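Engineer: Contents of target21.txt (compact mmCIF, C-alpha atoms) are below:
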```txt
# COMPACT_ATOMS: atom_id res chain seq x y z
CA MET A 1 92.06 91.16 128.97
CA ILE A 2 95.41 90.20 127.55
CA GLN A 3 97.87 90.28 130.44
CA ARG A 4 100.97 92.44 130.10
CA SER A 5 103.11 89.54 131.25
CA ARG A 6 102.47 87.87 127.89
CA PHE A 7 104.32 90.73 126.23
CA ALA A 8 107.57 90.45 128.20
CA TYR A 9 109.20 88.43 125.41
CA VAL A 10 107.87 90.81 122.78
CA GLN A 11 109.12 93.85 124.69
CA ALA A 12 112.64 92.44 124.95
CA ARG A 13 112.76 91.94 121.18
CA LEU A 14 111.32 95.37 120.47
CA GLN A 15 113.67 97.07 122.92
CA ALA A 16 116.70 95.49 121.27
CA ARG A 17 115.61 96.65 117.83
CA TYR A 18 114.59 100.07 119.11
CA GLY A 19 118.11 100.54 120.49
CA GLN A 20 119.51 100.04 116.99
CA GLN A 21 117.81 103.13 115.56
CA PRO A 22 120.35 105.65 114.16
CA ASP A 23 120.77 108.76 116.29
CA ARG A 24 120.56 112.33 115.04
CA GLY A 25 124.34 112.60 114.66
CA ALA A 26 124.44 109.58 112.34
CA TRP A 27 121.74 111.09 110.15
CA ARG A 28 123.58 114.42 109.95
CA ARG A 29 126.76 112.68 108.78
CA LEU A 30 124.87 110.74 106.15
CA GLN A 31 122.99 113.80 104.90
CA ALA A 32 126.32 115.51 104.16
CA ILE A 33 127.47 112.76 101.77
CA THR A 34 127.17 113.58 98.05
CA SER A 35 128.08 110.25 96.42
CA LEU A 36 125.87 107.15 96.44
CA SER A 37 128.82 104.76 96.60
CA HIS A 38 130.33 106.70 99.51
CA PHE A 39 126.94 106.84 101.21
CA LEU A 40 126.51 103.08 101.00
CA GLN A 41 130.04 102.52 102.28
CA VAL A 42 129.47 104.71 105.34
CA ALA A 43 125.84 103.78 106.02
CA ARG A 44 126.70 100.08 106.04
CA THR A 45 128.81 100.71 109.16
CA THR A 46 125.73 102.06 111.00
CA PRO A 47 122.58 100.35 112.31
CA LEU A 48 121.12 100.95 108.84
CA ARG A 49 123.27 98.16 107.41
CA PRO A 50 120.52 95.47 107.24
CA TRP A 51 118.40 97.74 105.05
CA LEU A 52 121.23 98.37 102.60
CA LEU A 53 122.60 94.91 101.85
CA ASN A 54 120.63 94.60 98.60
CA ILE A 55 120.81 98.23 97.47
CA PRO A 56 122.70 98.57 94.15
CA ALA A 57 125.54 101.08 93.92
CA HIS A 58 124.71 102.01 90.32
CA GLY A 59 121.82 104.31 91.25
CA ASP A 60 118.73 102.40 90.05
CA SER A 61 115.90 104.21 91.87
CA HIS A 62 113.35 101.48 91.09
CA ALA A 63 115.67 98.85 92.58
CA VAL A 64 116.02 101.02 95.70
CA GLU A 65 112.24 101.27 96.09
CA LYS A 66 111.73 97.57 95.50
CA SER A 67 114.41 96.49 97.97
CA LEU A 68 113.28 98.78 100.78
CA ARG A 69 109.62 97.84 100.36
CA ARG A 70 110.38 94.13 100.40
CA GLN A 71 112.52 94.42 103.53
CA LEU A 72 109.93 96.55 105.32
CA PHE A 73 107.21 93.99 104.63
CA ASP A 74 109.51 91.15 105.72
CA HIS A 75 110.26 92.94 108.98
CA LEU A 76 106.59 93.55 109.64
CA ASP A 77 105.97 89.81 109.22
CA GLU A 78 108.78 89.12 111.68
CA VAL A 79 107.33 91.42 114.33
CA MET A 80 103.87 90.00 113.72
CA ARG A 81 105.13 86.53 114.61
CA TRP A 82 106.30 87.84 118.00
CA LEU A 83 102.82 88.99 118.99
CA PRO A 84 100.03 86.86 120.47
CA GLN A 85 97.59 85.60 117.84
CA PRO A 86 94.72 88.01 118.72
CA TRP A 87 96.87 90.98 117.69
CA ARG A 88 98.25 89.63 114.43
CA PRO A 89 95.38 90.65 112.10
CA ALA A 90 95.67 94.30 113.20
CA LEU A 91 99.42 94.27 112.70
CA ARG A 92 99.10 92.53 109.33
CA TRP A 93 96.76 95.30 108.18
CA CYS A 94 99.56 97.80 108.84
CA GLY A 95 101.31 96.26 105.85
CA VAL A 96 98.73 98.01 103.68
CA LEU A 97 99.84 101.50 104.77
CA PRO A 98 102.89 101.78 102.45
CA ASP A 99 100.59 101.01 99.50
CA LEU A 100 98.04 103.75 100.19
CA PRO A 101 99.65 106.51 98.07
CA ALA A 102 99.95 104.21 95.04
CA LEU A 103 96.41 102.89 95.47
CA GLN A 104 95.03 106.42 95.77
CA HIS A 105 96.91 107.30 92.56
CA LEU A 106 95.45 104.29 90.73
CA LEU A 107 91.93 104.94 91.97
CA GLY A 108 92.25 108.47 90.61
CA GLY A 109 92.46 107.00 87.10
CA ARG A 110 96.00 108.17 86.47
CA PRO A 111 98.54 106.03 84.56
CA ALA A 112 100.34 103.44 86.65
CA PRO A 113 103.99 104.36 87.36
CA ALA A 114 106.61 101.99 85.99
CA TRP A 115 107.53 100.70 89.44
CA VAL A 116 103.92 99.75 90.14
CA LEU A 117 103.87 97.58 87.02
CA ASP A 118 106.84 95.71 88.47
CA ASP A 119 105.48 95.41 92.01
CA HIS A 120 103.97 92.02 92.79
CA ARG A 121 101.53 93.54 95.30
CA LEU A 122 100.20 96.32 93.08
CA LYS A 123 100.59 95.36 89.45
CA HIS A 124 97.27 93.49 89.43
CA TYR A 125 95.43 96.82 89.91
CA SER A 126 97.13 98.78 87.11
CA HIS A 127 94.59 98.10 84.34
CA GLU A 128 94.21 100.95 81.87
CA LEU A 129 90.45 101.13 82.49
CA PRO A 130 89.55 102.63 85.91
CA ALA A 131 86.50 100.36 86.19
CA LEU A 132 88.71 97.28 85.91
CA ARG A 133 91.09 98.67 88.52
CA LEU A 134 88.20 99.23 90.91
CA GLN A 135 86.79 95.76 90.36
CA ALA A 136 90.19 94.14 90.88
CA LEU A 137 90.57 96.02 94.16
CA ARG A 138 87.08 94.99 95.29
CA ASP A 139 88.13 91.37 94.77
CA SER A 140 91.42 91.78 96.66
CA PRO A 141 92.65 92.02 100.26
CA TYR A 142 92.47 95.81 99.79
CA ALA A 143 88.66 95.68 99.52
CA PRO A 144 88.04 97.11 103.05
CA LEU A 145 89.64 100.37 101.85
CA LEU A 146 86.94 101.07 99.30
CA GLY A 147 83.79 101.28 101.39
CA GLN A 148 80.73 103.04 100.04
CA ASP A 149 82.64 106.03 98.69
CA GLY A 150 84.82 103.97 96.36
CA GLY A 151 88.04 104.88 98.14
CA ARG A 152 88.03 108.68 98.16
CA ASP A 153 90.10 108.83 101.37
CA LEU A 154 92.03 105.62 101.87
CA SER A 155 93.70 106.69 105.10
CA VAL A 156 90.32 107.15 106.80
CA ALA A 157 89.08 103.81 105.46
CA TRP A 158 92.30 102.11 106.55
CA ARG A 159 91.94 103.37 110.10
CA ARG A 160 88.25 102.44 110.28
CA HIS A 161 88.98 98.83 109.31
CA TRP A 162 92.09 98.66 111.52
CA ARG A 163 89.97 99.32 114.58
CA THR A 164 87.68 96.39 113.73
CA LEU A 165 90.74 94.10 113.89
CA TRP A 166 91.67 94.93 117.47
CA PRO A 167 90.96 92.18 120.03
CA ALA A 168 87.49 92.44 121.54
CA ASP A 169 88.92 92.62 125.08
CA ILE A 170 91.33 95.49 124.39
CA ALA A 171 91.81 97.77 127.40
CA ALA A 172 90.60 101.35 127.09
CA ALA A 173 94.08 102.72 127.79
CA GLU A 174 95.61 100.64 125.00
CA ALA A 175 92.87 101.64 122.56
CA ALA A 176 93.62 105.28 123.38
CA ALA A 177 97.34 104.69 122.77
CA LEU A 178 96.64 103.20 119.35
CA ASN A 179 94.31 106.04 118.43
CA GLN A 180 97.02 108.52 119.37
CA LEU A 181 99.44 106.63 117.16
CA ALA A 182 97.04 106.77 114.22
CA ASP A 183 96.60 110.52 114.77
CA ALA A 184 100.38 110.95 114.48
CA VAL A 185 101.10 108.86 111.41
CA THR A 186 98.02 108.75 109.16
CA PRO A 187 98.18 110.26 106.72
CA VAL A 188 100.99 112.69 107.60
CA CYS A 189 103.86 110.19 107.71
CA HIS A 190 103.05 108.79 104.28
CA ALA A 191 102.61 112.22 102.72
CA LEU A 192 106.24 113.24 103.25
CA PRO A 193 107.91 113.55 99.84
CA PRO A 194 111.31 111.87 99.37
CA HIS A 195 113.05 115.25 98.98
CA ALA A 196 111.13 117.15 101.63
CA GLY A 197 114.01 119.40 102.70
CA ARG A 198 113.91 121.37 105.93
CA ASP A 199 110.11 121.32 106.27
CA GLY A 200 110.13 117.55 105.81
CA ASP A 201 112.88 117.18 108.41
CA THR A 202 110.87 119.28 110.87
CA ALA A 203 107.73 117.19 110.34
CA ARG A 204 109.74 113.98 110.58
CA ASP A 205 111.37 115.09 113.84
CA TRP A 206 107.99 115.99 115.29
CA ILE A 207 106.48 112.64 114.35
CA GLY A 208 109.58 110.79 115.59
CA GLN A 209 109.40 112.46 118.99
CA ARG A 210 105.76 111.47 119.38
CA LEU A 211 106.48 107.90 118.35
CA ARG A 212 109.45 107.51 120.70
CA HIS A 213 107.39 108.93 123.54
CA GLY A 214 104.59 106.49 122.77
CA PHE A 215 106.96 103.53 122.60
CA ARG A 216 108.48 104.32 125.99
CA ARG A 217 105.10 105.06 127.55
CA HIS A 218 103.47 101.73 126.68
CA PRO A 219 105.95 98.95 127.55
CA GLN A 220 104.81 95.33 127.51
CA GLN A 221 101.68 96.22 125.56
CA ALA A 222 100.77 95.48 121.97
CA ALA A 223 100.79 99.23 121.39
CA ALA A 224 104.58 99.20 121.78
CA ALA A 225 104.89 96.97 118.69
CA PHE A 226 102.81 99.38 116.61
CA TYR A 227 104.82 102.39 117.79
CA TYR A 228 108.06 100.56 117.06
CA LEU A 229 106.96 99.67 113.53
CA ALA A 230 105.89 103.25 112.89
CA LEU A 231 109.36 104.41 113.96
CA THR A 232 110.92 101.81 111.69
CA ALA A 233 108.79 103.00 108.76
CA LEU A 234 109.89 106.57 109.47
CA THR A 235 113.54 105.44 109.45
CA VAL A 236 113.08 103.65 106.15
CA GLU A 237 111.30 106.69 104.69
CA GLN A 238 114.24 108.92 105.66
CA LEU A 239 116.74 106.44 104.28
CA ARG A 240 114.71 106.17 101.08
CA GLY A 241 114.81 109.94 100.65
CA LEU A 242 118.60 110.07 100.93
CA LEU A 243 119.08 107.12 98.58
CA LEU A 244 116.74 108.55 95.94
CA ARG A 245 118.39 111.96 96.12
CA LEU A 246 121.79 110.43 95.44
CA SER A 247 120.39 108.06 92.80
CA LEU A 248 118.33 110.59 90.85
CA PHE A 249 120.42 113.73 91.42
CA PRO A 250 124.07 112.68 91.66
CA ALA A 251 126.49 115.47 92.47
CA HIS A 252 128.73 116.73 89.69
CA PRO A 253 132.50 116.38 90.24
CA GLU A 254 132.85 120.12 90.83
CA GLN A 255 130.19 119.95 93.55
CA VAL A 256 132.00 117.15 95.34
CA ALA A 257 135.38 118.95 95.20
```
As structure tokens, please, write out the structure in this file.

Structural biologist:
Amino acid sequence: MIQRSRFAYVQARLQARYGQQPDRGAWRRLQAITSLSHFLQVARTTPLRPWLLNIPAHGDSHAVEKSLRRQLFDHLDEVMRWLPQPWRPALRWCGVLPDLPALQHLLGGRPAPAWVLDDHRLKHYSHELPALRLQALRDSPYAPLLGQDGGRDLSVAWRRHWRTLWPADIAAAEAAALNQLADAVTPVCHALPPHAGRDGDTARDWIGQRLRHGFRRHPQQAAAAFYYLALTALTVEQLRGLLLRLSLFPAHPEQVA
């Protein structure tokens, strides 16, 4: 059994980052802003600043997506390096989660969106012929998602493979904590649309409460790192929604007045 004392260093790092999450008041102030340039100016004075350093002010939605995805994957790699080696494969597999909606879209035989064609992780699976897409995925790190059903429900396949990556000596209590986390965030968290409105805010608040509770309940365990990353992904998803709203639907001058 991996001793909790090995996670003291990890917990200190996680706790520091957890304390930098924006509070509800900060989100309310940001949600009231109607100009992208003003939003970036204000948001860069909040804990969200690191996520916004490479966001363009000219409203390019593809550039927004690309920047946020790259930073999220970079942060996951950073957290992975904090953990003991036995836990790193399971955490690395979490980097597949943001790709599930796009992969499900591609496996459905629909045309690849423009941003997928420009994404270095996904563009290799955007062949026009569905059979070529499927074969490319079978030859890729995403192969465990396909299983015998060809990838009909990627979230279920993701979770099934994730469990095989846990250390063999995982404690029952920690396994239960990780299963509870998966129940909260797959696939609900990744199904939230970028302009979800009040219903999306309600679902996000509900998920956030469960994740914060899980993070506080499992200190100095690997589970805390997974709960923290889920909270971070939820923060990035909310930030993405605000940025895309202002990029794609800028307010007219009379609305701002």

Engineer: May I have the residues within 12 Å of A:Leu145 as number ranges by chain, using all atoms listed in the file and disregarding those fewer than 3 positions away in the same chain?

Structural biologist: A: 93, 96-97, 99-100, 103-104, 107, 134, 137-142, 148-162

Engineer: For A:Pro50, find every residue with an atom within 12 Å (counting all atoms listed in the file), except residues of its own chain fewer than 6 positions away, and show them as a PyMOL selection string.

Structural biologist: chain A and resi 17+20-21+40+43-44+67-68+71-72+74-75+236+239

Engineer: What does the distance from atom CA of A:Gly214 to atom CA of A:Phe73 come to in Å, to one decimal?

Structural biologist: 22.2 Å

Engineer: Between atom CA of A:Leu178 and atom CA of A:Arg240, what is the distance in Å, rounded to a tenth?

Structural biologist: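 Straight-line distance from atom CA of A:Leu178 to atom CA of A:Arg240 works out to 25.9 Å.
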
Engineer: Given the choices A:Ser37, A:Gln238, A:Asn179, A:Gln220, which gets closest to A:Arg204 if the distance is worked out from only C-alpha atoms?

Structural biologist: A:Gln238

Engineer: What is the atom CA of A:Glu78-atom CA of A:Ala223 distance in Å, reported with one decimal?

Structural biologist: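 Calculated distance between atom CA of A:Glu78 and atom CA of A:Ala223 is 16.1 Å.
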
Engineer: Could you give me, as a ChimeraX atom specification, the residues within 8 Å of stretch 111-124 of chain A, counting all atoms listed in the file and dropping anything in the same chain fewer than 5 positions from it?

Structural biologist: /A:62,66,99,102-103,105-106,136

Engineer: Using all atoms listed in the file, which residue out of A:Pro98, A:Arg212, A:Ala177, A:Pro84 lies closest to A:Glu65?

Structural biologist: A:Pro98

Engineer: What residues have an atom no more than 7 Å from (101.4, 101.1, 124.9) in the file's own frame, counting only C-alpha atoms, and can you write them as a PyMOL selection string?

Structural biologist: chain A and resi 174+177+214-215+217-219+221-224

Engineer: Please identify all polymer residues within 6 Å of A:Pro130, counting only C-alpha atoms, omitting same-chain residues fewer than 2 positions from it, and present them as a PyMOL selection string.

Structural biologist: chain A and resi 109+132-133

Engineer: When you count all atoms listed in the file, which of these residues is closest to A:Ala233: A:Pro86, A:Leu76, A:Ala182, A:Trp27?

Structural biologist: A:Leu76

Engineer: Identify, on the basis of all atoms listed in the file, every residue whose closest approach to A:Pro22 does not exceed 9 Å; exclude the query and any residue fewer than 6 positions from it along the same chain; express the result as a PyMOL selection string.

Structural biologist: chain A and resi 46-48+235

Engineer: Compare A:Ala57, A:Leu91, A:Ala225, A:Val185 by their minimum atom-to-atom distance to A:Thr164, counting all atoms listed in the file, and give me the closest one.

Structural biologist: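 Among the listed residues, A:Leu91 lies closest to A:Thr164.
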
Engineer: Using all atoms listed in the file, can you tell me which of A:Ala63, A:Leu231, A:Tyr18, A:Arg110 comes closest to A:Trp206?

Structural biologist: A:Leu231
